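For reference, data_17.txt is printed below; it contains compact mmCIF, C-alpha atoms.
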# COMPACT_ATOMS: atom_id res chain seq x y z
CA MET A 1 -29.39 7.13 7.66
CA PRO A 2 -29.93 5.24 10.94
CA VAL A 3 -26.93 5.23 13.23
CA ALA A 4 -26.15 2.31 15.52
CA GLU A 5 -24.98 2.84 19.10
CA PRO A 6 -21.64 4.63 19.23
CA ARG A 7 -18.72 2.22 19.35
CA ASP A 8 -16.05 2.62 21.99
CA VAL A 9 -13.12 2.59 19.58
CA VAL A 10 -12.71 2.92 15.84
CA ILE A 11 -9.20 2.51 14.44
CA ILE A 12 -8.41 3.99 11.04
CA GLY A 13 -5.52 2.14 9.41
CA SER A 14 -4.13 -1.39 9.64
CA GLY A 15 -0.34 -1.25 9.66
CA PRO A 16 1.67 -2.20 12.77
CA ALA A 17 0.27 0.82 14.70
CA GLY A 18 -3.39 0.20 13.87
CA LEU A 19 -3.24 -3.55 14.42
CA THR A 20 -1.35 -3.27 17.72
CA ALA A 21 -3.97 -0.75 18.89
CA ALA A 22 -6.60 -3.31 17.79
CA ILE A 23 -4.97 -6.14 19.77
CA TYR A 24 -4.78 -4.02 22.92
CA THR A 25 -8.25 -2.47 22.72
CA ALA A 26 -9.79 -5.86 21.85
CA ARG A 27 -8.15 -7.42 24.89
CA ALA A 28 -9.54 -4.52 26.95
CA ASN A 29 -13.04 -5.55 25.75
CA LEU A 30 -13.52 -2.32 23.81
CA HIS A 31 -14.66 -4.22 20.67
CA PRO A 32 -12.62 -2.14 18.20
CA LEU A 33 -13.63 -1.69 14.60
CA VAL A 34 -10.66 -1.40 12.23
CA ILE A 35 -11.24 0.49 8.97
CA GLU A 36 -8.34 -1.20 7.23
CA GLY A 37 -8.18 0.59 3.88
CA GLU A 38 -8.53 -0.65 0.30
CA PRO A 39 -6.29 -2.82 -1.88
CA SER A 40 -3.75 -0.88 -3.95
CA SER A 41 -0.27 -1.46 -5.32
CA THR A 42 1.21 1.34 -3.26
CA SER A 43 2.07 1.31 0.44
CA ASP A 44 -1.36 2.85 1.15
CA GLN A 45 -3.23 -0.46 1.54
CA PRO A 46 -4.47 -2.88 4.22
CA GLY A 47 -1.44 -3.99 6.22
CA GLY A 48 0.48 -0.85 5.25
CA GLN A 49 3.99 -0.40 3.97
CA LEU A 50 5.23 -3.82 5.08
CA MET A 51 2.87 -5.48 2.58
CA LEU A 52 5.27 -4.49 -0.20
CA THR A 53 8.46 -5.63 1.50
CA THR A 54 10.14 -9.00 1.66
CA GLU A 55 12.16 -9.97 4.69
CA VAL A 56 11.86 -7.91 7.87
CA GLU A 57 15.10 -8.51 9.80
CA ASN A 58 14.74 -6.04 12.68
CA TYR A 59 11.32 -6.80 14.18
CA PRO A 60 12.17 -8.29 17.58
CA GLY A 61 11.23 -11.89 18.22
CA PHE A 62 11.99 -13.36 14.80
CA ILE A 63 15.48 -14.81 14.89
CA ASP A 64 15.62 -15.51 11.16
CA GLY A 65 13.44 -12.57 10.13
CA ILE A 66 9.89 -12.74 8.82
CA MET A 67 8.28 -11.75 5.53
CA GLY A 68 6.48 -8.39 5.78
CA PRO A 69 3.09 -9.66 4.51
CA GLU A 70 3.29 -12.65 6.86
CA LEU A 71 4.02 -10.41 9.85
CA MET A 72 1.03 -8.23 9.01
CA GLY A 73 -1.21 -11.25 8.39
CA ASN A 74 -0.23 -12.54 11.83
CA MET A 75 -0.97 -9.20 13.53
CA ARG A 76 -4.38 -9.06 11.86
CA ALA A 77 -5.24 -12.62 12.87
CA GLN A 78 -4.08 -11.89 16.42
CA ALA A 79 -6.38 -8.84 16.62
CA ALA A 80 -9.26 -10.85 15.12
CA ARG A 81 -8.72 -13.61 17.70
CA PHE A 82 -9.58 -11.14 20.46
CA GLY A 83 -12.65 -9.91 18.65
CA ALA A 84 -11.50 -6.93 16.56
CA GLU A 85 -13.81 -6.32 13.58
CA PHE A 86 -12.55 -5.25 10.16
CA ARG A 87 -13.95 -3.28 7.23
CA THR A 88 -11.98 -3.35 4.00
CA CYS A 89 -12.65 0.21 2.87
CA LYS A 90 -11.48 3.74 3.34
CA VAL A 91 -13.09 6.41 5.48
CA GLY A 92 -15.10 8.68 3.22
CA LYS A 93 -16.28 11.52 5.42
CA LEU A 94 -15.27 12.49 8.90
CA ASP A 95 -16.71 14.71 11.62
CA LEU A 96 -14.56 15.06 14.71
CA SER A 97 -16.84 17.55 16.49
CA GLY A 98 -17.83 14.89 19.05
CA PRO A 99 -17.42 12.77 21.05
CA PRO A 100 -19.05 10.82 19.69
CA HIS A 101 -17.07 11.38 16.52
CA ARG A 102 -18.64 10.36 13.24
CA LEU A 103 -17.31 8.82 10.11
CA VAL A 104 -18.67 7.29 6.95
CA ALA A 105 -17.18 4.05 5.62
CA ASP A 106 -18.70 2.17 2.70
CA ASP A 107 -21.83 4.39 2.88
CA GLU A 108 -22.36 3.42 6.50
CA GLU A 109 -22.33 6.08 9.20
CA ILE A 110 -20.39 5.01 12.26
CA GLU A 111 -20.13 6.78 15.61
CA ALA A 112 -17.17 6.32 17.93
CA ARG A 113 -16.34 7.66 21.36
CA ALA A 114 -12.62 7.25 20.69
CA VAL A 115 -10.87 7.31 17.31
CA ILE A 116 -7.31 6.07 16.80
CA VAL A 117 -5.72 7.48 13.67
CA ALA A 118 -3.07 5.12 12.24
CA THR A 119 -3.24 5.86 8.52
CA GLY A 120 0.53 5.76 8.06
CA ALA A 121 2.51 7.21 5.21
CA ARG A 122 2.82 6.41 1.53
CA ALA A 123 5.81 6.42 -0.80
CA LEU A 124 6.48 9.58 -2.77
CA MET A 125 6.93 9.44 -6.53
CA LEU A 126 9.06 11.80 -8.64
CA ASP A 127 5.96 13.63 -9.90
CA LEU A 128 6.92 13.60 -13.60
CA ALA A 129 4.28 13.34 -16.35
CA ASN A 130 6.07 10.47 -18.12
CA GLU A 131 6.51 8.64 -14.84
CA ARG A 132 2.71 8.53 -14.49
CA ARG A 133 2.22 7.61 -18.16
CA LEU A 134 4.61 4.66 -17.95
CA MET A 135 3.33 3.37 -14.61
CA GLY A 136 2.97 -0.37 -15.07
CA TYR A 137 5.18 -0.29 -18.18
CA GLY A 138 8.51 -0.22 -16.42
CA VAL A 139 7.73 2.35 -13.71
CA SER A 140 6.78 0.47 -10.57
CA THR A 141 5.58 1.23 -7.05
CA CYS A 142 6.25 -2.35 -5.88
CA ALA A 143 9.70 -3.90 -6.30
CA THR A 144 8.57 -7.23 -4.84
CA CYS A 145 5.74 -7.39 -7.42
CA ASP A 146 7.63 -6.27 -10.49
CA GLY A 147 11.32 -7.18 -10.10
CA PHE A 148 10.56 -10.44 -11.92
CA PHE A 149 9.83 -8.58 -15.17
CA HIS A 150 13.33 -7.09 -15.34
CA ARG A 151 15.27 -10.35 -15.37
CA GLY A 152 18.58 -9.79 -17.17
CA HIS A 153 17.96 -6.06 -17.74
CA GLU A 154 19.51 -2.89 -16.34
CA ILE A 155 17.22 -0.88 -14.09
CA ALA A 156 17.35 2.21 -11.86
CA VAL A 157 16.41 2.84 -8.24
CA VAL A 158 16.10 6.46 -7.05
CA GLY A 159 16.81 7.36 -3.42
CA GLY A 160 19.42 7.04 -0.69
CA GLY A 161 17.63 5.75 2.41
CA ASP A 162 17.02 2.26 3.77
CA SER A 163 14.00 1.73 1.50
CA ALA A 164 16.01 2.56 -1.61
CA LEU A 165 18.89 0.26 -0.68
CA GLU A 166 16.52 -2.54 0.29
CA GLU A 167 14.83 -2.29 -3.09
CA ALA A 168 18.16 -2.09 -4.93
CA LEU A 169 19.49 -5.18 -3.14
CA PHE A 170 16.27 -7.10 -3.73
CA LEU A 171 16.28 -6.16 -7.42
CA THR A 172 19.84 -7.48 -7.94
CA LYS A 173 18.23 -10.94 -7.83
CA PHE A 174 16.66 -10.19 -11.19
CA ALA A 175 18.42 -7.28 -12.90
CA SER A 176 21.82 -7.53 -14.58
CA LYS A 177 22.70 -4.13 -13.07
CA VAL A 178 20.97 -1.71 -10.69
CA HIS A 179 21.84 1.98 -11.04
CA LEU A 180 21.23 3.66 -7.69
CA ILE A 181 20.57 7.34 -8.36
CA HIS A 182 20.92 9.64 -5.37
CA ARG A 183 20.86 13.41 -5.23
CA ARG A 184 23.59 13.61 -2.58
CA SER A 185 27.13 12.26 -2.37
CA GLU A 186 26.41 10.11 0.66
CA LEU A 187 23.62 7.79 1.77
CA ARG A 188 21.11 8.31 4.56
CA ALA A 189 20.62 4.57 5.00
CA SER A 190 21.68 2.54 8.03
CA LYS A 191 25.30 1.33 8.14
CA ILE A 192 24.43 -2.33 7.63
CA MET A 193 22.41 -1.55 4.49
CA GLN A 194 25.14 0.76 3.16
CA GLU A 195 27.77 -1.92 3.59
CA ARG A 196 25.67 -4.52 1.81
CA ALA A 197 24.87 -2.19 -1.08
CA LEU A 198 28.40 -0.84 -1.52
CA LYS A 199 29.73 -4.41 -1.54
CA ASN A 200 27.24 -5.62 -4.13
CA GLU A 201 28.88 -5.71 -7.56
CA LYS A 202 25.59 -5.37 -9.39
CA ILE A 203 24.84 -1.98 -7.83
CA ALA A 204 26.34 1.08 -9.53
CA PHE A 205 26.05 4.37 -7.65
CA VAL A 206 25.16 7.56 -9.49
CA TRP A 207 25.85 10.36 -6.99
CA ASP A 208 24.67 14.00 -6.87
CA THR A 209 22.13 13.27 -9.56
CA VAL A 210 18.38 13.72 -10.09
CA VAL A 211 16.01 12.19 -12.65
CA THR A 212 14.49 14.90 -14.85
CA ASP A 213 12.47 12.70 -17.23
CA VAL A 214 11.46 9.13 -17.98
CA LEU A 215 12.00 8.12 -21.59
CA GLY A 216 10.15 5.60 -23.75
CA GLU A 217 7.09 5.40 -26.03
CA THR A 218 5.22 2.33 -24.82
CA ALA A 219 7.58 1.20 -22.05
CA VAL A 220 10.50 2.60 -20.09
CA GLU A 221 13.64 2.79 -22.23
CA GLY A 222 15.73 5.23 -20.21
CA LEU A 223 16.03 8.24 -17.97
CA SER A 224 17.20 11.82 -18.38
CA LEU A 225 19.56 12.76 -15.57
CA ARG A 226 21.09 15.97 -14.28
CA ASN A 227 24.18 16.13 -12.12
CA LEU A 228 23.54 18.71 -9.40
CA VAL A 229 27.23 19.58 -9.00
CA SER A 230 28.34 19.90 -12.63
CA SER A 231 24.82 20.66 -14.04
CA GLU A 232 25.68 18.16 -16.75
CA GLU A 233 22.71 16.45 -18.47
CA SER A 234 22.91 12.83 -19.53
CA ALA A 235 20.77 9.86 -20.52
CA LEU A 236 20.82 6.39 -18.99
CA ALA A 237 19.32 3.40 -20.78
CA VAL A 238 17.25 1.31 -18.33
CA HIS A 239 14.36 -1.13 -18.60
CA GLY A 240 12.70 -0.18 -15.32
CA LEU A 241 12.41 2.54 -12.69
CA PHE A 242 11.78 2.11 -8.97
CA VAL A 243 11.35 5.19 -6.79
CA ALA A 244 12.14 5.29 -3.05
CA ILE A 245 12.70 8.96 -2.26
CA GLY A 246 10.71 9.23 0.94
CA HIS A 247 7.21 9.29 2.33
CA VAL A 248 4.24 11.57 2.83
CA PRO A 249 1.74 11.01 5.67
CA ASN A 250 -1.84 10.03 4.80
CA THR A 251 -3.52 12.95 6.55
CA ASP A 252 -5.59 14.71 3.85
CA LEU A 253 -8.76 13.41 5.52
CA PHE A 254 -7.90 15.15 8.79
CA LYS A 255 -7.09 18.62 7.41
CA GLY A 256 -9.10 21.24 9.26
CA TRP A 257 -9.63 18.89 12.23
CA LEU A 258 -6.29 17.75 13.57
CA ASP A 259 -3.22 19.89 14.17
CA MET A 260 -0.39 18.92 11.87
CA GLU A 261 3.05 20.05 10.82
CA ASP A 262 3.52 21.85 7.51
CA THR A 263 4.62 18.49 6.09
CA GLY A 264 1.28 16.93 7.08
CA TYR A 265 2.49 14.80 10.00
CA LEU A 266 -0.01 14.86 12.89
CA LEU A 267 0.99 16.57 16.11
CA THR A 268 0.55 14.71 19.39
CA GLN A 269 0.94 15.96 22.93
CA HIS A 270 4.45 15.28 24.14
CA GLY A 271 5.03 11.72 25.26
CA SER A 272 1.50 10.57 24.44
CA THR A 273 -0.82 9.90 21.51
CA PHE A 274 -3.39 12.60 22.38
CA THR A 275 -4.17 14.98 19.51
CA ASN A 276 -5.74 18.43 19.79
CA ILE A 277 -9.23 16.84 19.72
CA ASP A 278 -10.77 15.10 22.70
CA GLY A 279 -11.06 11.37 22.08
CA VAL A 280 -8.84 11.34 19.00
CA PHE A 281 -5.44 9.63 19.23
CA ALA A 282 -2.67 9.26 16.65
CA ALA A 283 -0.14 6.44 16.32
CA GLY A 284 2.51 5.19 13.92
CA ASP A 285 4.09 6.85 10.90
CA VAL A 286 1.20 9.29 10.55
CA GLN A 287 2.70 11.20 13.51
CA ASP A 288 6.35 10.11 13.24
CA HIS A 289 8.81 11.26 10.60
CA VAL A 290 11.82 10.53 12.81
CA TYR A 291 11.89 6.80 13.59
CA ARG A 292 9.41 5.27 11.08
CA GLN A 293 10.02 1.64 12.10
CA ALA A 294 7.52 -1.21 12.34
CA VAL A 295 8.41 -1.66 16.00
CA THR A 296 8.05 2.04 16.89
CA ALA A 297 4.72 2.12 15.05
CA ALA A 298 3.55 -0.94 17.00
CA GLY A 299 4.78 0.68 20.23
CA SER A 300 2.85 3.88 19.63
CA GLY A 301 -0.22 1.82 18.61
CA CYS A 302 -0.06 0.23 22.05
CA MET A 303 0.25 3.70 23.63
CA ALA A 304 -2.81 4.91 21.72
CA ALA A 305 -4.83 1.91 22.90
CA ILE A 306 -3.88 2.54 26.54
CA ASP A 307 -4.46 6.30 26.19
CA ALA A 308 -7.88 5.63 24.63
CA GLU A 309 -8.83 3.06 27.27
CA ARG A 310 -7.95 5.40 30.15
CA TRP A 311 -9.64 8.33 28.45
CA LEU A 312 -12.83 6.27 27.98
CA GLU A 313 -12.75 5.21 31.63
CA ALA A 314 -12.23 8.77 32.81
CA SER A 315 -15.02 10.18 30.66
CA HIS A 316 -17.42 7.44 31.84
CA SER A 317 -16.61 7.86 35.52
CA ALA A 318 -16.91 11.62 35.21
CA GLY A 319 -20.47 10.86 34.13
CA ASN A 320 -19.98 12.78 30.92
CA PRO A 321 -23.02 11.97 28.86
CA ILE A 322 -22.44 11.72 25.14
CA VAL A 323 -24.07 14.89 23.87
CA GLU A 324 -25.65 15.00 20.43
CA THR A 325 -23.76 17.57 18.43
CA PRO A 326 -24.74 19.05 15.11
CA ARG A 327 -23.14 17.41 12.13
CA ASN A 328 -20.43 19.31 10.39
CA TRP A 329 -19.49 17.27 7.32
CA MET B 1 -9.55 -21.45 -6.22
CA ALA B 2 -13.22 -20.72 -6.62
CA GLU B 3 -15.10 -22.87 -9.09
CA ASN B 4 -16.16 -19.79 -11.09
CA ILE B 5 -12.57 -18.88 -11.94
CA THR B 6 -10.77 -20.29 -14.98
CA THR B 7 -7.07 -21.05 -14.67
CA LEU B 8 -5.30 -19.79 -17.79
CA THR B 9 -2.01 -21.04 -19.22
CA ASP B 10 0.09 -20.39 -22.33
CA THR B 11 -1.60 -23.46 -23.83
CA ASN B 12 -5.29 -22.79 -23.16
CA PHE B 13 -5.24 -18.97 -23.37
CA ASN B 14 -6.43 -18.66 -26.98
CA GLU B 15 -9.22 -21.16 -26.58
CA GLU B 16 -10.47 -19.80 -23.24
CA VAL B 17 -10.04 -16.08 -23.85
CA LYS B 18 -10.14 -15.46 -27.61
CA GLY B 19 -12.90 -18.02 -27.97
CA SER B 20 -14.96 -16.91 -24.97
CA ASP B 21 -18.60 -16.07 -25.71
CA GLN B 22 -18.70 -13.85 -22.62
CA PRO B 23 -16.40 -10.99 -21.65
CA ILE B 24 -13.54 -12.30 -19.53
CA LEU B 25 -11.45 -10.41 -17.00
CA VAL B 26 -7.93 -11.85 -16.87
CA ASP B 27 -5.85 -11.37 -13.72
CA PHE B 28 -2.09 -11.58 -14.33
CA TRP B 29 -0.68 -12.53 -10.93
CA ALA B 30 1.99 -14.47 -9.04
CA GLU B 31 2.38 -16.17 -5.70
CA TRP B 32 5.08 -13.72 -4.55
CA CYS B 33 3.02 -10.57 -5.22
CA GLY B 34 1.36 -9.17 -2.08
CA PRO B 35 -1.19 -6.88 -3.78
CA CYS B 36 -2.20 -9.81 -6.04
CA LYS B 37 -3.20 -11.75 -2.95
CA THR B 38 -5.17 -8.87 -1.49
CA ILE B 39 -7.39 -8.68 -4.58
CA ALA B 40 -7.88 -12.46 -4.91
CA PRO B 41 -11.02 -12.52 -2.70
CA ILE B 42 -12.45 -9.55 -4.63
CA LEU B 43 -12.05 -11.42 -7.93
CA GLU B 44 -13.73 -14.48 -6.45
CA GLU B 45 -16.67 -12.33 -5.37
CA ILE B 46 -16.94 -10.73 -8.80
CA ALA B 47 -16.77 -14.14 -10.50
CA GLY B 48 -19.62 -15.39 -8.31
CA GLU B 49 -21.81 -12.30 -8.58
CA GLN B 50 -21.37 -11.77 -12.32
CA ALA B 51 -21.61 -15.45 -13.31
CA GLY B 52 -23.31 -15.71 -16.71
CA LYS B 53 -22.33 -12.13 -17.65
CA LEU B 54 -18.61 -11.94 -17.01
CA ARG B 55 -15.98 -14.63 -16.63
CA VAL B 56 -12.87 -14.26 -14.51
CA GLY B 57 -9.60 -15.96 -15.44
CA LYS B 58 -6.33 -16.08 -13.56
CA LEU B 59 -2.99 -16.30 -15.30
CA ASN B 60 0.06 -17.03 -13.16
CA VAL B 61 2.95 -15.14 -14.82
CA ASP B 62 5.45 -17.65 -13.42
CA ASP B 63 3.64 -20.51 -15.18
CA ALA B 64 2.61 -18.63 -18.32
CA PRO B 65 5.43 -16.18 -19.11
CA ILE B 66 4.83 -16.15 -22.86
CA THR B 67 1.28 -14.84 -22.61
CA ALA B 68 2.34 -12.27 -20.00
CA GLN B 69 5.03 -11.05 -22.37
CA ASP B 70 2.62 -11.03 -25.37
CA PHE B 71 0.47 -8.52 -23.48
CA GLN B 72 3.49 -6.53 -22.28
CA VAL B 73 2.70 -7.14 -18.62
CA MET B 74 5.50 -5.53 -16.57
CA SER B 75 3.67 -4.97 -13.33
CA ILE B 76 1.31 -7.17 -11.39
CA PRO B 77 -1.48 -7.38 -10.68
CA THR B 78 -2.52 -6.32 -14.18
CA LEU B 79 -6.15 -6.97 -15.09
CA ILE B 80 -7.14 -7.07 -18.75
CA LEU B 81 -10.76 -7.24 -19.89
CA PHE B 82 -11.34 -9.12 -23.16
CA LYS B 83 -14.57 -9.08 -25.18
CA ASP B 84 -14.92 -11.05 -28.41
CA GLY B 85 -11.22 -11.79 -28.09
CA GLU B 86 -10.24 -8.10 -28.11
CA VAL B 87 -8.66 -6.09 -25.29
CA GLN B 88 -11.24 -3.63 -23.94
CA ALA B 89 -9.68 -2.27 -20.76
CA ARG B 90 -6.52 -2.62 -18.75
CA VAL B 91 -6.16 -1.96 -15.03
CA VAL B 92 -2.64 -1.88 -13.58
CA GLY B 93 -2.29 -2.31 -9.83
CA ALA B 94 -4.61 -3.51 -7.10
CA ARG B 95 -7.95 -1.78 -6.53
CA GLY B 96 -10.91 -1.97 -4.17
CA LYS B 97 -13.92 -3.85 -5.54
CA GLY B 98 -16.07 -0.77 -6.17
CA GLN B 99 -13.38 1.05 -8.08
CA LEU B 100 -12.44 -2.00 -10.14
CA LEU B 101 -16.05 -2.59 -11.20
CA GLU B 102 -16.37 1.10 -12.05
CA GLU B 103 -13.30 0.99 -14.30
CA ILE B 104 -14.56 -1.97 -16.34
CA ALA B 105 -18.33 -1.22 -16.23
CA ALA B 106 -18.40 0.75 -19.50
CA PHE B 107 -16.94 -2.19 -21.43
CA LEU B 108 -19.29 -4.93 -20.23

I need this file expressed as structure tokens, please.
Amino acid sequence: MPVAEPRDVVIIGSGPAGLTAAIYTARANLHPLVIEGEPSSTSDQPGGQLMLTTEVENYPGFIDGIMGPELMGNMRAQAARFGAEFRTCKVGKLDLSGPPHRLVADDEEIEARAVIVATGARALMLDLANERRLMGYGVSTCATCDGFFHRGHEIAVVGGGDSALEEALFLTKFASKVHLIHRRSELRASKIMQERALKNEKIAFVWDTVVTDVLGETAVEGLSLRNLVSSEESALAVHGLFVAIGHVPNTDLFKGWLDMEDTGYLLTQHGSTFTNIDGVFAAGDVQDHVYRQAVTAAGSGCMAAIDAERWLEASHSAGNPIVETPRNW
Amino acid sequence: MAENITTLTDTNFNEEVKGSDQPILVDFWAEWCGPCKTIAPILEEIAGEQAGKLRVGKLNVDDAPITAQDFQVMSIPTLILFKDGEVQARVVGARGKGQLLEEIAAFL
């Protein structure tokens, strides 16, 4: 397969981190290529997790908030305006034994001096057989897509963080009642979200409880629950199930190459976006399980772009020729 | 919307889908569904490339709730492939183009 000249920068991922890195590297004339991912109905898709949200109220600069998909559409258009290129696919294979590093996207082999990893994180599901079977028949990965189909019905949201409360509040527009099932007796969510949820008469809290099964033949009819304090088992009749119990980083592709925590989050050198491999930088939720905000992701995307730009300059001025290395797919 | 794509409603569904002489892939979608929008260009490409072999129809669930309910659509996008008026395949959730074509290929 013929390989074109190595590119200066390839960015993997197109959430706030990837697109901010694209804006900065494009403005630095590094002609970035963004491998933006493939459409899906989970948070692992072009534009990232914000594509499945409604109003973003805490991204600075938008007095009245902005819709998540609109914010991401704007960031993409802004990167494109400065010359960033996009491929709507996923990275198939990867060889980080360079620089240049190599990757395959849509059957095309691409070489890059610098790679910015911004693949983000995706929502976890409960991992129950009947949850998978009833996906699309009452079990949903996208509240903004599917809330509509539960108009006038009782539904359940599982989780206790900001994402869970956001979904629960959004779903009260459609559902007659939202049961919020949480395995602890208090919420992890921010104070403002807690206040809104606790005040909402349509939200009923089910504390200290986990979902042990999803019931229904052809569509969701209910849930089996277990109280973790009393060990009592019960059933709850609901028409739909939305899961927001946390996230897992999208790092399978980098196993064996990049240093990561046991939980899969990439490790970066303190205060920077440098990974353990020369010319590979990590930004956004893929390396952050602490803050996980659109604005922190964008901030670290900017850091990765500046780190990559300076690293490219330093390796050029040091006269480091790009050495052909054997492929190690 | 691309000229190759048929807009389906509760009124014309039977005529356009049940009476279609070609297989037809029906996209159940809505304006407020992000993943539905991300696959819209893919469906336009498929409609253009497969013209004469496969039709593509779009059914807005806001405008055609009865048909959506008839097919038990509870999640969008849902794509249903019909051939000779019968359901052949059902894809729930957005997909990349390659994977979508793969999932319906056997039924064309």

Practice prompt. May I have the protein, DNA and RNA residues with an atom at most 12 Å from (16.5, 15.1, -17.4), counting all atoms listed in the file in the file's coordinates, returned as a count of residues only?
Written response: 23

Fill in: All residues 7 Å or closer to segment 110-114 of chain A, only C-alpha atoms, same chain fewer than 5 positions away omitted, as a list in words
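Within the cut-off, the hits are Val3, Pro6, Arg7, Asp8, Val9, Val10, Pro99, Pro100, His101, Arg102, Leu103, Val104, Gly279, Val280 and Ala308 of chain A.
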
Fill in: Using all atoms listed in the file: which of A:Thr25, A:Thr88, A:Thr251, A:Ser176 has the shortest distance to chain B
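Answer, going by the shortest atom-to-atom distance: A:Thr88.
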
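Of the residues under consideration (B:Ile5, B:Ala94, B:Leu54, B:Leu81), B:Ala94 shows the shortest atom-to-atom contact distance to chain A when counting all atoms listed in the file.
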
Worksheet item: Could you write out as an MDAnalysis selection string the residues of chain B within 8 Å of chain A, counting all atoms listed in the file?
Response: chainID B and resid 32:35 38:39 72:77 92:96

So which residues are close to (-4.1, 4.3, 24.9), meaning at most 12 Å away in the file's coordinates with all atoms listed in the file counted, and can you show them as a JSON list (two decimals) with C-alpha atoms, keeping the file's coordinate frame?
[["chain", "number", "residue", "atom", "x", "y", "z"],
["A", 9, "VAL", "CA", -13.12, 2.59, 19.58],
["A", 11, "ILE", "CA", -9.20, 2.51, 14.44],
["A", 17, "ALA", "CA", 0.27, 0.82, 14.70],
["A", 18, "GLY", "CA", -3.39, 0.20, 13.87],
["A", 20, "THR", "CA", -1.35, -3.27, 17.72],
["A", 21, "ALA", "CA", -3.97, -0.75, 18.89],
["A", 22, "ALA", "CA", -6.60, -3.31, 17.79],
["A", 23, "ILE", "CA", -4.97, -6.14, 19.77],
["A", 24, "TYR", "CA", -4.78, -4.02, 22.92],
["A", 25, "THR", "CA", -8.25, -2.47, 22.72],
["A", 28, "ALA", "CA", -9.54, -4.52, 26.95],
["A", 30, "LEU", "CA", -13.52, -2.32, 23.81],
["A", 114, "ALA", "CA", -12.62, 7.25, 20.69],
["A", 115, "VAL", "CA", -10.87, 7.31, 17.31],
["A", 116, "ILE", "CA", -7.31, 6.07, 16.80],
["A", 117, "VAL", "CA", -5.72, 7.48, 13.67],
["A", 271, "GLY", "CA", 5.03, 11.72, 25.26],
["A", 272, "SER", "CA", 1.50, 10.57, 24.44],
["A", 273, "THR", "CA", -0.82, 9.90, 21.51],
["A", 274, "PHE", "CA", -3.39, 12.60, 22.38],
["A", 275, "THR", "CA", -4.17, 14.98, 19.51],
["A", 279, "GLY", "CA", -11.06, 11.37, 22.08],
["A", 280, "VAL", "CA", -8.84, 11.34, 19.00],
["A", 281, "PHE", "CA", -5.44, 9.63, 19.23],
["A", 282, "ALA", "CA", -2.67, 9.26, 16.65],
["A", 283, "ALA", "CA", -0.14, 6.44, 16.32],
["A", 299, "GLY", "CA", 4.78, 0.68, 20.23],
["A", 300, "SER", "CA", 2.85, 3.88, 19.63],
["A", 301, "GLY", "CA", -0.22, 1.82, 18.61],
["A", 302, "CYS", "CA", -0.06, 0.23, 22.05],
["A", 303, "MET", "CA", 0.25, 3.70, 23.63],
["A", 304, "ALA", "CA", -2.81, 4.91, 21.72],
["A", 305, "ALA", "CA", -4.83, 1.91, 22.90],
["A", 306, "ILE", "CA", -3.88, 2.54, 26.54],
["A", 307, "ASP", "CA", -4.46, 6.30, 26.19],
["A", 308, "ALA", "CA", -7.88, 5.63, 24.63],
["A", 309, "GLU", "CA", -8.83, 3.06, 27.27],
["A", 310, "ARG", "CA", -7.95, 5.40, 30.15],
["A", 311, "TRP", "CA", -9.64, 8.33, 28.45],
["A", 312, "LEU", "CA", -12.83, 6.27, 27.98],
["A", 313, "GLU", "CA", -12.75, 5.21, 31.63]]

Worksheet item: Can you list, as a PyMOL selection string, every protein, DNA or RNA residue that comes within 7 Å of Gly159 of chain A when you count only C-alpha atoms, leaving out same-chain residues fewer than 4 positions away?
Response: chain A and resi 164+181-182+243-245

Any chance you could export the current selection's C-alpha atoms as a PDB file, keeping the file's coordinate frame?
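Heads up, here's the output in again_0.pdb:
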ATOM      1  CA  ALA A 164      16.010   2.560  -1.610  1.00  0.00           C
ATOM      2  CA  ILE A 181      20.570   7.340  -8.360  1.00  0.00           C
ATOM      3  CA  HIS A 182      20.920   9.640  -5.370  1.00  0.00           C
ATOM      4  CA  VAL A 243      11.350   5.190  -6.790  1.00  0.00           C
ATOM      5  CA  ALA A 244      12.140   5.290  -3.050  1.00  0.00           C
ATOM      6  CA  ILE A 245      12.700   8.960  -2.260  1.00  0.00           C
TER       7      ILE A 245
END

Worksheet item: Suppose you want the space between atom CA of Ala84 of chain A and atom CA of Gly284 of chain A; what is it in Å?
Response: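 For atom CA of Ala84 of chain A relative to atom CA of Gly284 of chain A, the distance reads 18.7 Å.
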
Determine the axis-aligned bounding box of all atoms of segment 306-311 of chain A present in the file, pad each side by 3 Å, and express its centre and edge lengths in Å to one decimal place as AutoDock Vina command-line options.
--center_x -6.8 --center_y 5.4 --center_z 27.4 --size_x 11.8 --size_y 11.8 --size_z 11.5

Worksheet item: At what distance in Å, to one decimal, does atom CA of Leu19 of chain A lie from atom CA of Arg76 of chain A?
Response: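 Atom CA of Leu19 of chain A lies 6.2 Å from atom CA of Arg76 of chain A.
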
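Note that the spacing between atom CA of Pro65 of chain B and atom CA of Val17 of chain B amounts to 16.2 Å.
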
Worksheet item: Of the candidates A:Phe86, A:Phe242, A:Tyr291, A:Trp257, which one gets nearest to Ile155 of chain A if we count all atoms listed in the file?
Response: A:Phe242

Discussion item. When you count only C-alpha atoms, which of these residues is closest to Ser163 of chain A: A:Met67, A:Leu180, A:Val286, A:Ala26?
Written reply: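 Smallest separation from Ser163 of chain A among the options: A:Leu180.
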
Discussion item. Measuring between all atoms listed in the file, which one of A:Leu33, A:Ala123, A:Leu171, A:Met260 shows the shortest distance to Phe82 of chain A?
Written reply: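 When distances to Phe82 of chain A are compared using all atoms listed in the file, the smallest one comes from A:Leu33.
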
Discussion item. Show me, as a list in words, the residues that have an atom within 12 Å of Asn12 of chain B when counting all atoms listed in the file, minus same-chain residues fewer than 4 positions from it.
Written reply: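 Listing them by chain and then by number gives Thr6, Thr7, Leu8, Glu16, Val17, Lys18, Gly19, Ser20, Gly57, Lys58, Leu59, Ala64 and Thr67 of chain B.
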